[in-house]
>>> print(open('my_file.cif').read())   # mmCIF, C-alpha atoms
data_final
#
loop_
_atom_site.label_atom_id
_atom_site.label_comp_id
_atom_site.auth_asym_id
_atom_site.auth_seq_id
_atom_site.Cartn_x
_atom_site.Cartn_y
_atom_site.Cartn_z
CA MET A 1 -11.61 -62.68 -3.33
CA ALA A 2 -13.59 -59.54 -4.08
CA ASP A 3 -11.99 -56.76 -6.13
CA GLU A 4 -11.70 -54.72 -2.93
CA PRO A 5 -10.17 -56.75 -0.08
CA LEU A 6 -12.16 -57.24 3.11
CA VAL A 7 -9.73 -57.03 6.03
CA LEU A 8 -10.05 -57.06 9.81
CA GLY A 9 -7.46 -55.09 11.80
CA ILE A 10 -6.46 -55.49 15.44
CA GLU A 11 -4.72 -52.71 17.39
CA THR A 12 -3.41 -53.23 20.94
CA SER A 13 -0.25 -51.13 21.12
CA CYS A 14 -1.30 -49.20 24.23
CA ASP A 15 -4.48 -48.94 26.29
CA GLU A 16 -7.19 -49.32 23.65
CA THR A 17 -8.40 -52.57 22.12
CA GLY A 18 -9.30 -51.55 18.59
CA VAL A 19 -10.88 -53.76 15.94
CA GLY A 20 -11.69 -52.35 12.53
CA ILE A 21 -13.06 -53.85 9.33
CA VAL A 22 -12.58 -52.22 5.93
CA ARG A 23 -13.39 -53.14 2.36
CA GLY A 24 -10.76 -51.47 0.21
CA THR A 25 -10.81 -47.90 1.48
CA THR A 26 -14.35 -48.07 2.89
CA LEU A 27 -14.74 -48.32 6.65
CA LEU A 28 -17.36 -50.86 7.68
CA ALA A 29 -16.74 -51.10 11.43
CA ASP A 30 -14.58 -49.45 14.07
CA ALA A 31 -15.04 -51.03 17.49
CA ILE A 32 -13.00 -49.86 20.48
CA ALA A 33 -12.77 -50.95 24.10
CA SER A 34 -10.70 -48.49 26.12
CA SER A 35 -9.10 -49.07 29.51
CA VAL A 36 -8.24 -45.39 30.02
CA ASP A 37 -10.42 -45.12 33.13
CA GLU A 38 -8.44 -47.92 34.76
CA HIS A 39 -5.21 -45.95 34.25
CA ALA A 40 -6.52 -42.52 35.28
CA ARG A 41 -5.80 -42.94 38.99
CA PHE A 42 -2.15 -43.68 38.17
CA GLY A 43 -1.77 -40.58 35.98
CA GLY A 44 -0.60 -42.66 33.03
CA VAL A 45 -0.83 -46.01 31.29
CA VAL A 46 0.19 -49.06 33.35
CA PRO A 47 1.41 -51.79 30.94
CA GLU A 48 0.19 -54.76 33.02
CA VAL A 49 -3.26 -53.23 33.43
CA ALA A 50 -3.45 -52.56 29.69
CA SER A 51 -2.46 -56.13 28.79
CA ARG A 52 -5.09 -57.68 31.05
CA ALA A 53 -7.74 -55.32 29.70
CA HIS A 54 -6.88 -56.39 26.13
CA LEU A 55 -7.27 -60.05 27.08
CA GLU A 56 -10.74 -59.44 28.47
CA ALA A 57 -11.90 -57.20 25.62
CA MET A 58 -10.48 -58.98 22.58
CA VAL A 59 -13.14 -61.54 21.60
CA PRO A 60 -16.15 -59.32 22.50
CA THR A 61 -14.67 -56.42 20.50
CA ILE A 62 -14.03 -58.61 17.44
CA ASP A 63 -17.58 -59.96 17.67
CA ARG A 64 -18.95 -56.43 17.90
CA ALA A 65 -16.97 -55.30 14.85
CA LEU A 66 -18.15 -58.24 12.74
CA LYS A 67 -21.74 -57.57 13.73
CA GLU A 68 -21.42 -53.85 12.99
CA ALA A 69 -19.91 -54.57 9.58
CA GLY A 70 -22.55 -57.18 8.79
CA VAL A 71 -19.98 -59.74 7.66
CA SER A 72 -18.83 -63.18 8.74
CA ALA A 73 -15.25 -63.81 9.78
CA ARG A 74 -15.11 -66.45 7.04
CA ASP A 75 -15.72 -63.71 4.45
CA LEU A 76 -12.46 -61.95 5.35
CA ASP A 77 -9.58 -61.79 2.88
CA GLY A 78 -7.00 -61.22 5.60
CA ILE A 79 -6.31 -60.28 9.20
CA ALA A 80 -3.93 -57.44 10.04
CA VAL A 81 -2.44 -56.69 13.45
CA THR A 82 -0.12 -54.10 14.94
CA ALA A 83 3.23 -55.84 15.46
CA GLY A 84 4.90 -52.73 16.89
CA PRO A 85 5.97 -50.33 18.15
CA GLY A 86 4.14 -50.17 21.46
CA LEU A 87 3.94 -51.81 24.87
CA ALA A 88 5.38 -55.32 24.56
CA GLY A 89 2.75 -57.12 26.64
CA ALA A 90 -0.13 -55.28 25.00
CA LEU A 91 1.21 -56.03 21.52
CA LEU A 92 1.57 -59.72 22.36
CA VAL A 93 -2.13 -59.98 23.16
CA GLY A 94 -3.09 -58.58 19.76
CA VAL A 95 -0.55 -60.63 17.81
CA SER A 96 -1.60 -63.85 19.55
CA ALA A 97 -5.27 -63.17 18.87
CA ALA A 98 -4.62 -62.33 15.22
CA LYS A 99 -2.63 -65.53 14.74
CA ALA A 100 -5.36 -67.60 16.34
CA TYR A 101 -8.15 -66.15 14.20
CA ALA A 102 -6.07 -66.25 11.00
CA TYR A 103 -5.01 -69.86 11.53
CA ALA A 104 -8.46 -71.09 12.50
CA LEU A 105 -10.07 -69.33 9.54
CA GLY A 106 -7.34 -70.16 7.04
CA LYS A 107 -6.72 -66.48 6.27
CA PRO A 108 -3.43 -64.67 5.59
CA LEU A 109 -1.88 -62.76 8.48
CA TYR A 110 -0.33 -59.30 8.11
CA GLY A 111 1.81 -57.82 10.87
CA VAL A 112 1.95 -54.06 10.30
CA ASN A 113 3.65 -51.01 11.78
CA HIS A 114 1.66 -48.81 14.16
CA LEU A 115 3.01 -45.54 12.73
CA ALA A 116 2.48 -46.53 9.11
CA SER A 117 -1.10 -47.44 10.06
CA HIS A 118 -1.65 -43.92 11.43
CA ILE A 119 -0.71 -42.58 8.00
CA CYS A 120 -2.77 -45.08 6.01
CA VAL A 121 -5.98 -44.45 7.97
CA ASP A 122 -6.40 -41.16 6.11
CA GLN A 123 -7.36 -43.18 3.03
CA LEU A 124 -10.62 -44.03 4.79
CA GLU A 125 -11.39 -40.32 5.05
CA HIS A 126 -9.92 -38.69 1.95
CA GLY A 127 -9.18 -41.48 -0.51
CA PRO A 128 -5.84 -42.87 -1.75
CA LEU A 129 -2.71 -41.22 -0.37
CA PRO A 130 -0.66 -39.17 -2.82
CA GLU A 131 2.84 -40.53 -3.31
CA PRO A 132 4.90 -39.07 -1.80
CA THR A 133 3.10 -37.77 1.31
CA MET A 134 4.67 -36.02 4.29
CA ALA A 135 3.17 -37.18 7.58
CA LEU A 136 3.32 -35.52 10.97
CA LEU A 137 2.40 -38.09 13.63
CA VAL A 138 1.81 -36.72 17.11
CA SER A 139 0.71 -38.81 20.08
CA GLY A 140 1.55 -39.71 23.65
CA GLY A 141 4.42 -41.89 22.50
CA HIS A 142 5.50 -40.36 19.20
CA SER A 143 6.26 -37.04 17.57
CA SER A 144 7.54 -37.91 14.12
CA LEU A 145 7.93 -36.47 10.63
CA LEU A 146 7.79 -39.22 8.02
CA LEU A 147 8.03 -39.20 4.23
CA SER A 148 5.98 -41.98 2.62
CA SER A 149 6.57 -42.90 -1.02
CA ASP A 150 4.77 -46.25 -0.67
CA ILE A 151 2.86 -46.83 2.55
CA THR A 152 3.36 -50.60 2.29
CA SER A 153 7.12 -50.57 1.75
CA ASP A 154 8.79 -47.16 1.82
CA VAL A 155 8.42 -44.85 4.83
CA ARG A 156 11.45 -42.67 5.60
CA PRO A 157 11.96 -40.96 8.97
CA MET A 158 12.68 -37.25 8.60
CA GLY A 159 12.65 -36.30 12.28
CA ALA A 160 11.43 -37.42 15.69
CA THR A 161 11.30 -36.37 19.30
CA ILE A 162 14.58 -36.67 21.18
CA ASP A 163 12.86 -36.76 24.58
CA ASP A 164 9.20 -36.28 25.55
CA ALA A 165 6.59 -36.74 22.85
CA ALA A 166 4.06 -33.93 22.48
CA GLY A 167 1.20 -35.97 23.94
CA GLU A 168 3.36 -36.96 26.90
CA ALA A 169 4.08 -33.28 27.58
CA PHE A 170 0.34 -32.53 27.51
CA ASP A 171 -0.27 -35.27 30.08
CA LYS A 172 2.50 -34.05 32.37
CA ILE A 173 1.44 -30.41 32.31
CA ALA A 174 -2.17 -31.41 32.93
CA ARG A 175 -0.97 -33.33 35.98
CA VAL A 176 0.95 -30.28 37.28
CA LEU A 177 -2.21 -28.20 36.80
CA ASN A 178 -4.31 -30.91 38.53
CA LEU A 179 -6.51 -31.30 35.46
CA GLY A 180 -6.51 -35.11 35.35
CA PHE A 181 -5.62 -37.72 32.74
CA PRO A 182 -5.47 -37.81 29.75
CA GLY A 183 -4.19 -34.27 29.48
CA GLY A 184 -4.62 -33.43 25.81
CA PRO A 185 -8.40 -32.95 25.61
CA VAL A 186 -8.68 -31.02 28.88
CA ILE A 187 -5.83 -28.62 28.05
CA ASP A 188 -7.36 -28.04 24.61
CA ARG A 189 -10.65 -27.19 26.32
CA TYR A 190 -9.11 -24.75 28.82
CA ALA A 191 -6.90 -23.19 26.15
CA LYS A 192 -9.92 -22.07 24.15
CA GLU A 193 -10.70 -19.61 26.95
CA GLY A 194 -7.10 -18.47 27.46
CA ASP A 195 -4.58 -16.15 25.81
CA PRO A 196 -1.92 -18.04 23.79
CA ASN A 197 0.37 -15.01 24.00
CA ALA A 198 0.03 -14.48 27.74
CA ILE A 199 3.24 -16.32 28.64
CA ALA A 200 6.35 -16.60 26.45
CA PHE A 201 7.18 -20.29 26.83
CA PRO A 202 10.23 -21.62 24.91
CA ARG A 203 10.16 -23.32 21.50
CA GLY A 204 12.55 -26.27 21.63
CA LEU A 205 15.07 -27.04 18.85
CA THR A 206 14.18 -24.01 16.73
CA GLY A 207 17.60 -22.34 16.67
CA PRO A 208 19.62 -21.97 13.45
CA ARG A 209 22.02 -24.76 14.47
CA ASP A 210 19.37 -27.14 15.79
CA PRO A 211 18.20 -30.23 13.85
CA ALA A 212 15.70 -29.07 11.24
CA TYR A 213 13.07 -31.74 11.79
CA ASP A 214 13.62 -33.15 15.29
CA PHE A 215 11.46 -32.22 18.27
CA SER A 216 12.09 -31.64 21.97
CA PHE A 217 9.37 -30.92 24.51
CA SER A 218 11.19 -31.77 27.74
CA GLY A 219 12.57 -28.25 28.15
CA LEU A 220 9.15 -26.73 27.49
CA LYS A 221 7.55 -29.07 30.00
CA THR A 222 10.12 -28.09 32.64
CA ALA A 223 9.73 -24.37 31.91
CA VAL A 224 5.95 -24.54 32.29
CA ALA A 225 6.17 -26.60 35.49
CA ARG A 226 8.66 -24.14 37.04
CA TRP A 227 6.50 -21.17 36.06
CA ILE A 228 3.53 -22.77 37.79
CA GLU A 229 5.59 -23.68 40.86
CA ALA A 230 6.89 -20.09 41.13
CA LYS A 231 3.34 -18.72 41.07
CA ARG A 232 2.23 -21.13 43.77
CA ALA A 233 5.31 -20.42 45.91
CA ALA A 234 4.48 -16.71 45.75
CA GLY A 235 0.94 -17.45 46.88
CA GLU A 236 -0.51 -16.32 43.59
CA GLU A 237 -3.33 -17.98 41.69
CA VAL A 238 -2.24 -19.92 38.62
CA PRO A 239 -4.12 -18.72 35.50
CA VAL A 240 -4.94 -22.19 34.23
CA ARG A 241 -6.54 -21.04 31.00
CA ASP A 242 -3.66 -18.77 30.00
CA VAL A 243 -1.07 -21.39 30.94
CA SER A 244 -2.93 -24.01 28.91
CA ALA A 245 -3.23 -21.73 25.89
CA SER A 246 0.39 -20.55 26.01
CA PHE A 247 1.77 -24.06 26.50
CA GLN A 248 -0.41 -25.47 23.73
CA GLU A 249 0.64 -22.68 21.37
CA ALA A 250 4.31 -23.43 22.00
CA VAL A 251 3.78 -27.09 21.10
CA VAL A 252 1.71 -26.62 17.95
CA ASP A 253 3.87 -23.73 16.74
CA VAL A 254 6.94 -25.98 16.63
CA LEU A 255 5.07 -28.97 15.18
CA THR A 256 3.51 -27.07 12.30
CA ARG A 257 6.56 -24.94 11.58
CA LYS A 258 8.80 -27.99 11.15
CA ALA A 259 6.23 -29.96 9.19
CA VAL A 260 5.74 -27.19 6.65
CA ARG A 261 9.49 -26.71 6.38
CA ALA A 262 9.97 -30.43 5.66
CA CYS A 263 7.35 -30.28 2.91
CA LYS A 264 9.05 -27.29 1.28
CA ASP A 265 12.52 -28.80 1.54
CA GLU A 266 11.40 -32.12 0.01
CA GLY A 267 9.13 -30.58 -2.63
CA VAL A 268 6.06 -32.38 -1.24
CA ASP A 269 2.71 -30.63 -1.62
CA HIS A 270 0.66 -32.84 0.72
CA LEU A 271 0.86 -32.95 4.53
CA MET A 272 -1.03 -35.54 6.54
CA ILE A 273 -1.37 -35.17 10.32
CA GLY A 274 -2.26 -38.17 12.48
CA GLY A 275 -1.95 -39.57 15.99
CA GLY A 276 -3.97 -38.72 19.08
CA VAL A 277 -2.75 -35.12 19.35
CA ALA A 278 -4.03 -34.52 15.80
CA ALA A 279 -7.44 -34.20 17.44
CA ASN A 280 -6.22 -30.95 19.05
CA SER A 281 -8.26 -28.06 17.68
CA ARG A 282 -5.44 -25.50 17.72
CA LEU A 283 -3.03 -27.86 15.94
CA ARG A 284 -5.58 -28.36 13.18
CA ALA A 285 -6.27 -24.65 12.83
CA LEU A 286 -2.64 -23.52 12.76
CA ALA A 287 -1.65 -26.32 10.39
CA GLN A 288 -4.41 -25.31 8.01
CA GLU A 289 -3.37 -21.66 8.16
CA ARG A 290 0.29 -22.38 7.49
CA CYS A 291 -0.36 -24.99 4.80
CA GLU A 292 -2.64 -22.63 2.90
CA ALA A 293 0.04 -19.93 3.03
CA ALA A 294 2.65 -22.38 1.69
CA GLY A 295 0.43 -23.92 -1.02
CA ILE A 296 0.35 -27.30 0.71
CA ARG A 297 -2.76 -29.47 0.86
CA LEU A 298 -3.53 -30.58 4.41
CA ARG A 299 -5.16 -33.94 5.16
CA VAL A 300 -6.29 -34.67 8.71
CA PRO A 301 -8.68 -37.55 9.51
CA ARG A 302 -11.63 -36.96 11.80
CA PRO A 303 -10.64 -37.08 15.51
CA LYS A 304 -11.86 -40.63 16.12
CA LEU A 305 -9.54 -41.94 13.40
CA CYS A 306 -6.57 -39.98 14.78
CA THR A 307 -6.45 -41.84 18.07
CA ASP A 308 -5.40 -45.52 18.20
CA ASN A 309 -7.99 -47.71 16.49
CA GLY A 310 -8.39 -50.96 14.58
CA ALA A 311 -9.60 -49.17 11.45
CA MET A 312 -6.12 -47.83 10.73
CA VAL A 313 -4.60 -51.32 10.99
CA ALA A 314 -7.30 -52.75 8.72
CA ALA A 315 -6.68 -49.92 6.24
CA LEU A 316 -2.99 -50.76 5.97
CA GLY A 317 -3.77 -54.48 5.85
CA ALA A 318 -6.17 -53.91 2.96
CA GLU A 319 -3.48 -51.97 1.13
CA MET A 320 -1.08 -54.88 1.67
CA VAL A 321 -3.59 -57.27 0.13
CA ALA A 322 -4.41 -54.91 -2.75
CA ARG A 323 -0.71 -54.54 -3.61
CA ASN A 324 -0.06 -58.29 -3.30
CA ARG A 325 2.42 -57.93 -0.45
CA PRO A 326 3.44 -61.27 1.11
CA ALA A 327 1.62 -62.38 4.24
CA SER A 328 3.52 -62.54 7.51
CA SER A 329 4.80 -65.89 8.71
CA TRP A 330 3.26 -67.72 11.64
CA ASP A 331 6.30 -66.96 13.78
CA LEU A 332 5.44 -63.25 13.66
CA SER A 333 6.33 -61.68 17.00
CA ALA A 334 5.62 -58.38 18.69
CA ASP A 335 8.42 -55.81 18.48
CA SER A 336 8.06 -52.92 20.92
CA SER A 337 10.61 -50.86 18.97
CA LEU A 338 9.68 -51.86 15.41
CA PRO A 339 11.16 -49.17 13.12
CA VAL A 340 8.80 -47.31 10.84
CA THR A 341 11.07 -48.24 7.95
CA ASP A 342 9.36 -51.64 8.30
CA PRO A 343 5.70 -50.77 7.47
CA HIS A 344 5.02 -54.48 7.08
CA VAL A 345 6.63 -57.52 8.72
CA PRO A 346 6.78 -59.86 5.74
CA GLY A 347 6.58 -63.61 5.67
CA HIS A 348 8.39 -66.47 4.02
CA ASP A 349 7.43 -68.48 0.95
CA HIS A 350 5.47 -71.21 2.68
CA VAL A 351 3.96 -69.42 5.64
CA HIS A 352 0.81 -71.54 5.79
CA GLU A 353 2.70 -74.83 5.89
CA VAL A 354 3.99 -74.16 9.41
CA SER A 355 2.52 -76.60 11.93
CA LYS A 356 -0.02 -75.41 14.46
CA GLU A 357 2.33 -76.32 17.31
CA THR A 358 5.07 -74.00 16.07
CA ALA A 359 2.75 -71.27 14.86
CA PHE A 360 2.07 -69.74 18.26
CA ASN A 361 2.51 -70.63 21.90
CA SER A 362 -0.83 -69.33 23.06
CA GLY A 363 -4.06 -67.78 21.85
CA SER A 364 -7.62 -68.78 21.23
CA ALA A 365 -9.75 -68.61 18.09
CA ALA A 366 -12.93 -68.98 20.08
CA GLY A 367 -15.67 -66.60 19.20
CA TYR A 368 -15.24 -66.30 15.43
CA SER A 369 -18.32 -66.58 13.28
#
>>> encode(input="my_file.cif", output="structure tokens")
Amino acid sequence: MADEPLVLGIETSCDETGVGIVRGTTLLADAIASSVDEHARFGGVVPEVASRAHLEAMVPTIDRALKEAGVSARDLDGIAVTAGPGLAGALLVGVSAAKAYAYALGKPLYGVNHLASHICVDQLEHGPLPEPTMALLVSGGHSSLLLSSDITSDVRPMGATIDDAAGEAFDKIARVLNLGFPGGPVIDRYAKEGDPNAIAFPRGLTGPRDPAYDFSFSGLKTAVARWIEAKRAAGEEVPVRDVSASFQEAVVDVLTRKAVRACKDEGVDHLMIGGGVAANSRLRALAQERCEAAGIRLRVPRPKLCTDNGAMVAALGAEMVARNRPASSWDLSADSSLPVTDPHVPGHDHVHEVSKETAFNSGSAAGYS
């Protein structure tokens, strides 16, 4: 094995089939096959459609990643895969594929946590993570504040959304405004031409007696929708740009305010922001402004690494190998609600002595090189 582990990562927690290859903390390939267009007409992700799309895209995407990285599958030091959380059927496709490739190639298998992977991917952009690091993860399924002392074994939840995630709220408001799906990028675009102070939308869970680090965007979503409905009922034109800017400001104000507070309270001087919503331009700008004022160093990966991708899974897998964490056992299963306190789903002492028949019920290793 080389000094820096060569690891392939597979990510299928939602609607994107991601395959990444890293050597240590160097990204060699990041191949993605997205099924977002297939979900657009439904206004959201359809689990069955996502699972079938993963099945079709898996082998071609792995082949493309290996070619892009200029390596053979037999050169790999390990294969990492998202074991959860996520859509159960989608996760099963990735886990089955990872088992098949790992078994056929005789490589160790690492089942890793989706949220921990979002934190670890920043190592590909800015080098090793400081320990501890505060992480704000914001996506369509998660709005979480996490304190990581060891990304492979110790991630502590500080706060999370109690209802709608931030990305989910973006999608729903975009639908009310008839802007299409996904909602995040289009609202960000319209907001740049609007006034963020035009409409005083509420900031959820920011009262003195509210939980310090938890998030709630359901009330904001409802308030925005009712404001829009009232305008339409009165026969007035809805100022889409001002609504987008004011709604977006309400979301990022709460996210950044709570993240900076958590850093101060815990004495942590590094904040990492990840997840799909981390690509939002206003979130990045306000986070930078508030972190600078508080003496906190902000780390945000480039937008492509913020959304779901295989590179983040490979990054965490490589860290597992580098720190000599045990491989996962062949009976690794997908867990749609895998807690972030389990960054890695460990194995047993003799994981590679399990018979092929009991290792997995389905999956194909066809297509490896």
>>> resolve_selection(input="my_file.cif", expression="the PyMOL selection byres ((chain A and resi 73) around 9)", output="compact mmCIF listing (two decimals) with C-alpha atoms, in the frame of the given file")
# COMPACT_ATOMS: atom_id res chain seq x y z
CA LEU A 8 -10.05 -57.06 9.81
CA LEU A 66 -18.15 -58.24 12.74
CA VAL A 71 -19.98 -59.74 7.66
CA SER A 72 -18.83 -63.18 8.74
CA ARG A 74 -15.11 -66.45 7.04
CA ASP A 75 -15.72 -63.71 4.45
CA LEU A 76 -12.46 -61.95 5.35
CA TYR A 101 -8.15 -66.15 14.20
CA LEU A 105 -10.07 -69.33 9.54
CA TYR A 368 -15.24 -66.30 15.43
CA SER A 369 -18.32 -66.58 13.28
>>> resolve_selection(input="my_file.cif", expression="the PyMOL selection byres ((chain A and resi 160) around 10)", output="list in words")
Leu136, Leu137, Val138, His142, Ser143, Ser144, Leu145, Leu146, Pro157, Met158, Gly159, Thr161, Ile162, Asp163, Ala165, Tyr213, Asp214, Phe215 and Ser216 of chain A
>>> closest_residue(input="my_file.cif", among="A:Gly111, A:Gly24, A:Gly9, A:Gly180", to="A:Val36", atoms="all atoms listed in the file")
A:Gly180
>>> resolve_selection(input="my_file.cif", expression="the PyMOL selection byres ((chain A and resi 35) around 8)", output="list of chain:residue names")
A:Asp15, A:Glu16, A:Ala33, A:Ser34, A:Val36, A:Asp37, A:Glu38, A:His39, A:Ala50, A:Ala53
>>> closest_residue(input="my_file.cif", among="A:Arg261, A:Gly184, A:Asp331, A:Ala315", to="A:Pro128", atoms="only C-alpha atoms")
A:Ala315
>>> closest_residue(input="my_file.cif", among="A:Asp188, A:Gly43, A:Arg323, A:Ala174", to="A:Asp3", atoms="all atoms listed in the file")
A:Arg323
>>> residues_around(input="my_file.cif", residues="stretch 195-209 of chain A", least_positions_apart="5", cutoff="12 Å", atoms="all atoms listed in the file", output="short mmCIF file (atom, residue, chain, number, x, y, z; two decimals) with C-alpha atoms, keeping the file's coordinate frame")
data_model
loop_
_atom_site.label_atom_id
_atom_site.label_comp_id
_atom_site.auth_asym_id
_atom_site.auth_seq_id
_atom_site.Cartn_x
_atom_site.Cartn_y
_atom_site.Cartn_z
CA GLY A 159 12.65 -36.30 12.28
CA ALA A 160 11.43 -37.42 15.69
CA THR A 161 11.30 -36.37 19.30
CA ILE A 162 14.58 -36.67 21.18
CA ASP A 163 12.86 -36.76 24.58
CA ASP A 164 9.20 -36.28 25.55
CA ALA A 166 4.06 -33.93 22.48
CA ASP A 188 -7.36 -28.04 24.61
CA TYR A 190 -9.11 -24.75 28.82
CA ASP A 214 13.62 -33.15 15.29
CA PHE A 215 11.46 -32.22 18.27
CA SER A 216 12.09 -31.64 21.97
CA PHE A 217 9.37 -30.92 24.51
CA SER A 218 11.19 -31.77 27.74
CA GLY A 219 12.57 -28.25 28.15
CA LEU A 220 9.15 -26.73 27.49
CA LYS A 221 7.55 -29.07 30.00
CA THR A 222 10.12 -28.09 32.64
CA ALA A 223 9.73 -24.37 31.91
CA VAL A 224 5.95 -24.54 32.29
CA ALA A 225 6.17 -26.60 35.49
CA ARG A 226 8.66 -24.14 37.04
CA TRP A 227 6.50 -21.17 36.06
CA ILE A 228 3.53 -22.77 37.79
CA VAL A 238 -2.24 -19.92 38.62
CA PRO A 239 -4.12 -18.72 35.50
CA VAL A 240 -4.94 -22.19 34.23
CA ARG A 241 -6.54 -21.04 31.00
CA ASP A 242 -3.66 -18.77 30.00
CA VAL A 243 -1.07 -21.39 30.94
CA SER A 244 -2.93 -24.01 28.91
CA ALA A 245 -3.23 -21.73 25.89
CA SER A 246 0.39 -20.55 26.01
CA PHE A 247 1.77 -24.06 26.50
CA GLN A 248 -0.41 -25.47 23.73
CA GLU A 249 0.64 -22.68 21.37
CA ALA A 250 4.31 -23.43 22.00
CA VAL A 251 3.78 -27.09 21.10
CA VAL A 252 1.71 -26.62 17.95
CA ASP A 253 3.87 -23.73 16.74
CA VAL A 254 6.94 -25.98 16.63
CA LEU A 255 5.07 -28.97 15.18
CA THR A 256 3.51 -27.07 12.30
CA ARG A 257 6.56 -24.94 11.58
CA LYS A 258 8.80 -27.99 11.15
CA ARG A 261 9.49 -26.71 6.38
CA ARG A 282 -5.44 -25.50 17.72
#
>>> closest_residue(input="my_file.cif", among="A:Gly106, A:Gly89, A:Gly20, A:Gly276", to="A:Ala318", atoms="all atoms listed in the file")
A:Gly20
>>> closest_residue(input="my_file.cif", among="A:Ser96, A:Thr25, A:Gln288, A:Thr82", to="A:Met58", atoms="only C-alpha atoms")
A:Ser96
>>> atom_distance(input="my_file.cif", atom1="atom CA of A:Thr341", atom2="atom CA of A:Ser153")
7.7 Å
>>> closest_residue(input="my_file.cif", among="A:Asn309, A:Ser139, A:Gln123, A:Ser336", to="A:Ala65", atoms="only C-alpha atoms")
A:Asn309
>>> atom_distance(input="my_file.cif", atom1="atom CA of A:Ala279", atom2="atom CA of A:Cys306")
6.4 Å
>>> atom_distance(input="my_file.cif", atom1="atom CA of A:Ile21", atom2="atom CA of A:Gly310")
7.6 Å
>>> residues_around(input="my_file.cif", residues="stretch 133-135 of chain A", least_positions_apart="2", cutoff="6 Å", atoms="only C-alpha atoms", output="tab-separated table (two decimals) with C-alpha atoms, in the frame of the given file")
chain	number	residue	atom	x	y	z
A	130	PRO	CA	-0.66	-39.17	-2.82
A	131	GLU	CA	2.84	-40.53	-3.31
A	145	LEU	CA	7.93	-36.47	10.63
A	146	LEU	CA	7.79	-39.22	8.02
A	147	LEU	CA	8.03	-39.20	4.23
A	148	SER	CA	5.98	-41.98	2.62
A	270	HIS	CA	0.66	-32.84	0.72
A	271	LEU	CA	0.86	-32.95	4.53
A	272	MET	CA	-1.03	-35.54	6.54
A	273	ILE	CA	-1.37	-35.17	10.32
